[in-house]
Amino acid sequence: QVQLVESGGGLVQPGGSLRVSCAASGSIFRLSNMGWYRQALGKERELVASITFGGNTNYADSVKGRFTISRDNAKNTVYLQMDSLKPEDTAVYYCYAIIDHGLYWGKGTLVTVSS
């Protein structure tokens with residue numbers, strides 16, 4: 001049984017920073033791509049950032065230059081450092097991982113950007 005558990009969400013003021021983490025656990029042979037999606041109230045889920053096992057990254061245009069995705073392969077963990085946060089970044093952030101050719105999702109962590 002594979003699990004993805006996110007942590008680090010919360011309330012932050014506009015212009016502030018927050019880091020969310022996602023750790024994969026369970027029976028894992030090969031952990032390849034990992035990343036983050038987000039879903040704001042009333043909107044569709046959208047890709048925020050992704051990272052390959054080798055560290056190649058991809059970002060949504062809306063977060064380029066503000067968000068940084070990274071991973072620790074020894075810990076099966078992916079991170080999303082979010083800087084210069086804007087109210088429009090408010091959403092539930094979901095991590096995902098490709099593990100042994102299967103797609104797994106975390107339950108999500110809420111990030112609220114508000115003064």
# chains A, B, ... in the order shown; residues from 1 in each chain; ligands from 1
$ residues_around --residues "Ser7 (chain A)" --least-positions-apart "2" --cutoff "12 Å" --atoms "only C-alpha atoms" --output "ChimeraX atom specification"
/A:4-5,9-10,18-24,77-80,92-95,106-111
$ write_last_selection --atoms "N, CA and C atoms" --output "CSV table (one decimal), in the first residue's frame"
chain,number,residue,atom,x,y,z
A,4,LEU,N,0.8,8.9,0.0
A,4,LEU,CA,1.4,10.2,-0.1
A,4,LEU,C,0.8,11.1,1.0
A,5,VAL,N,1.6,11.7,1.8
A,5,VAL,CA,1.1,12.5,2.9
A,5,VAL,C,1.8,13.9,2.7
A,9,GLY,N,0.9,23.2,4.7
A,9,GLY,CA,0.0,24.2,4.3
A,9,GLY,C,-0.4,25.1,5.4
A,10,GLY,N,-1.2,26.2,5.1
A,10,GLY,CA,-1.6,27.1,6.1
A,10,GLY,C,-2.0,28.5,5.6
A,18,LEU,N,5.9,30.0,1.9
A,18,LEU,CA,5.4,28.8,2.5
A,18,LEU,C,6.1,27.6,1.8
A,19,ARG,N,6.4,26.6,2.6
A,19,ARG,CA,6.9,25.4,1.9
A,19,ARG,C,6.0,24.2,2.3
A,20,VAL,N,5.6,23.5,1.3
A,20,VAL,CA,4.8,22.3,1.5
A,20,VAL,C,5.6,21.1,1.1
A,21,SER,N,5.4,20.0,1.8
A,21,SER,CA,6.1,18.8,1.6
A,21,SER,C,5.2,17.6,1.3
A,22,CYS,N,5.7,16.6,0.7
A,22,CYS,CA,4.9,15.4,0.4
A,22,CYS,C,5.8,14.2,0.5
A,23,ALA,N,5.5,13.3,1.4
A,23,ALA,CA,6.4,12.1,1.6
A,23,ALA,C,5.6,10.8,1.1
A,24,ALA,N,6.3,10.0,0.3
A,24,ALA,CA,5.7,8.8,-0.2
A,24,ALA,C,6.2,7.7,0.7
A,77,THR,N,10.6,12.1,-0.9
A,77,THR,CA,9.9,13.3,-0.6
A,77,THR,C,10.1,14.4,-1.6
A,78,VAL,N,9.0,15.1,-1.9
A,78,VAL,CA,9.0,16.3,-2.8
A,78,VAL,C,8.6,17.5,-2.1
A,79,TYR,N,9.2,18.6,-2.4
A,79,TYR,CA,8.9,19.9,-1.7
A,79,TYR,C,8.5,20.9,-2.8
A,80,LEU,N,7.7,21.9,-2.3
A,80,LEU,CA,7.3,23.0,-3.1
A,80,LEU,C,7.6,24.3,-2.3
A,92,VAL,N,-6.3,24.3,-2.7
A,92,VAL,CA,-5.8,23.0,-2.1
A,92,VAL,C,-4.7,22.5,-3.0
A,93,TYR,N,-3.6,22.2,-2.4
A,93,TYR,CA,-2.4,21.7,-3.2
A,93,TYR,C,-2.3,20.2,-3.0
A,94,TYR,N,-2.3,19.5,-4.1
A,94,TYR,CA,-2.2,18.0,-4.1
A,94,TYR,C,-0.9,17.6,-4.7
A,95,CYS,N,-0.2,16.7,-4.0
A,95,CYS,CA,1.0,16.1,-4.6
A,95,CYS,C,0.6,14.8,-5.3
A,106,GLY,N,-1.9,12.5,-3.1
A,106,GLY,CA,-2.1,12.8,-1.7
A,106,GLY,C,-3.5,13.4,-1.5
A,107,LYS,N,-3.9,13.6,-0.2
A,107,LYS,CA,-5.2,14.1,0.1
A,107,LYS,C,-5.3,15.6,0.0
A,108,GLY,N,-4.2,16.3,-0.1
A,108,GLY,CA,-4.3,17.7,-0.3
A,108,GLY,C,-4.0,18.5,1.0
A,109,THR,N,-3.4,19.7,0.8
A,109,THR,CA,-3.2,20.6,1.9
A,109,THR,C,-3.6,22.0,1.5
A,110,LEU,N,-4.3,22.6,2.3
A,110,LEU,CA,-4.9,24.0,2.0
A,110,LEU,C,-3.8,25.1,2.2
A,111,VAL,N,-3.7,25.9,1.2
A,111,VAL,CA,-2.8,27.1,1.3
A,111,VAL,C,-3.7,28.3,1.1
$ residues_around --residues "Leu103 (chain A)" --least-positions-apart "4" --cutoff "10 Å" --atoms "only C-alpha atoms" --output "compact mmCIF listing (two decimals) with N, CA, C and O atoms, in the first residue's frame"
# COMPACT_ATOMS: atom_id res chain seq x y z
N ASN A 33 8.43 10.36 -11.64
CA ASN A 33 7.99 11.75 -11.55
C ASN A 33 7.16 12.04 -10.31
O ASN A 33 6.37 11.20 -9.86
N MET A 34 7.39 13.22 -9.75
CA MET A 34 6.57 13.72 -8.64
C MET A 34 6.19 15.16 -8.95
O MET A 34 6.83 15.81 -9.78
N TYR A 96 1.42 14.46 -6.28
CA TYR A 96 1.23 13.20 -6.99
C TYR A 96 2.60 12.55 -7.20
O TYR A 96 3.63 13.22 -7.14
N ALA A 97 2.56 11.28 -7.47
CA ALA A 97 3.80 10.56 -7.74
C ALA A 97 3.51 9.38 -8.67
O ALA A 97 2.46 8.75 -8.55
N ILE A 98 4.45 9.14 -9.56
CA ILE A 98 4.41 7.94 -10.40
C ILE A 98 5.28 6.90 -9.71
O ILE A 98 6.50 7.08 -9.60
N ILE A 99 4.64 5.86 -9.22
CA ILE A 99 5.35 4.83 -8.45
C ILE A 99 5.07 3.49 -9.10
O ILE A 99 3.91 3.06 -9.16
$ select_by_dssp --residues "chain A" --states "strand (DSSP E or B)" --output "count of residues only"
64
$ atom_distance --atom1 "CA of Ile51 (chain A)" --atom2 "CA of Thr112 (chain A)"
23.8 Å
$ atom_distance --atom1 "CA of Lys64 (chain A)" --atom2 "CA of Trp36 (chain A)"
13.7 Å
$ residues_around --residues "Val113 (chain A)" --least-positions-apart "5" --cutoff "6 Å" --atoms "only C-alpha atoms" --output "PyMOL selection string"
chain A and resi 11-14+87+90
$ write_last_selection --atoms "C-alpha atoms" --output "mmCIF file, in the first residue's frame"
data_model
loop_
_atom_site.group_PDB
_atom_site.id
_atom_site.type_symbol
_atom_site.label_atom_id
_atom_site.label_comp_id
_atom_site.auth_asym_id
_atom_site.auth_seq_id
_atom_site.Cartn_x
_atom_site.Cartn_y
_atom_site.Cartn_z
ATOM 1 C CA LEU A 11 -2.393 30.799 6.134
ATOM 2 C CA VAL A 12 0.132 33.319 4.849
ATOM 3 C CA GLN A 13 -0.023 37.002 3.974
ATOM 4 C CA PRO A 14 0.405 38.220 0.399
ATOM 5 C CA PRO A 87 -4.154 35.725 -3.138
ATOM 6 C CA THR A 90 -5.047 30.178 -2.608
#
$ residues_around --residues "Arg45 (chain A)" --least-positions-apart "3" --cutoff "10 Å" --atoms "only C-alpha atoms" --output "PyMOL selection string"
chain A and resi 37-42+48+91-94
$ atom_distance --atom1 "CA of Gly54 (chain A)" --atom2 "CA of Gly8 (chain A)"
24.3 Å
$ closest_residue --among "A:Gly102, A:Tyr59, A:Ile28, A:Asp89" --to "Lys75 (chain A)" --atoms "only C-alpha atoms"
A:Ile28
$ residues_around --residues "Gly65 (chain A)" --least-positions-apart "2" --cutoff "10 Å" --atoms "only C-alpha atoms" --output "PyMOL selection string"
chain A and resi 59+61-63+67-68+82-84
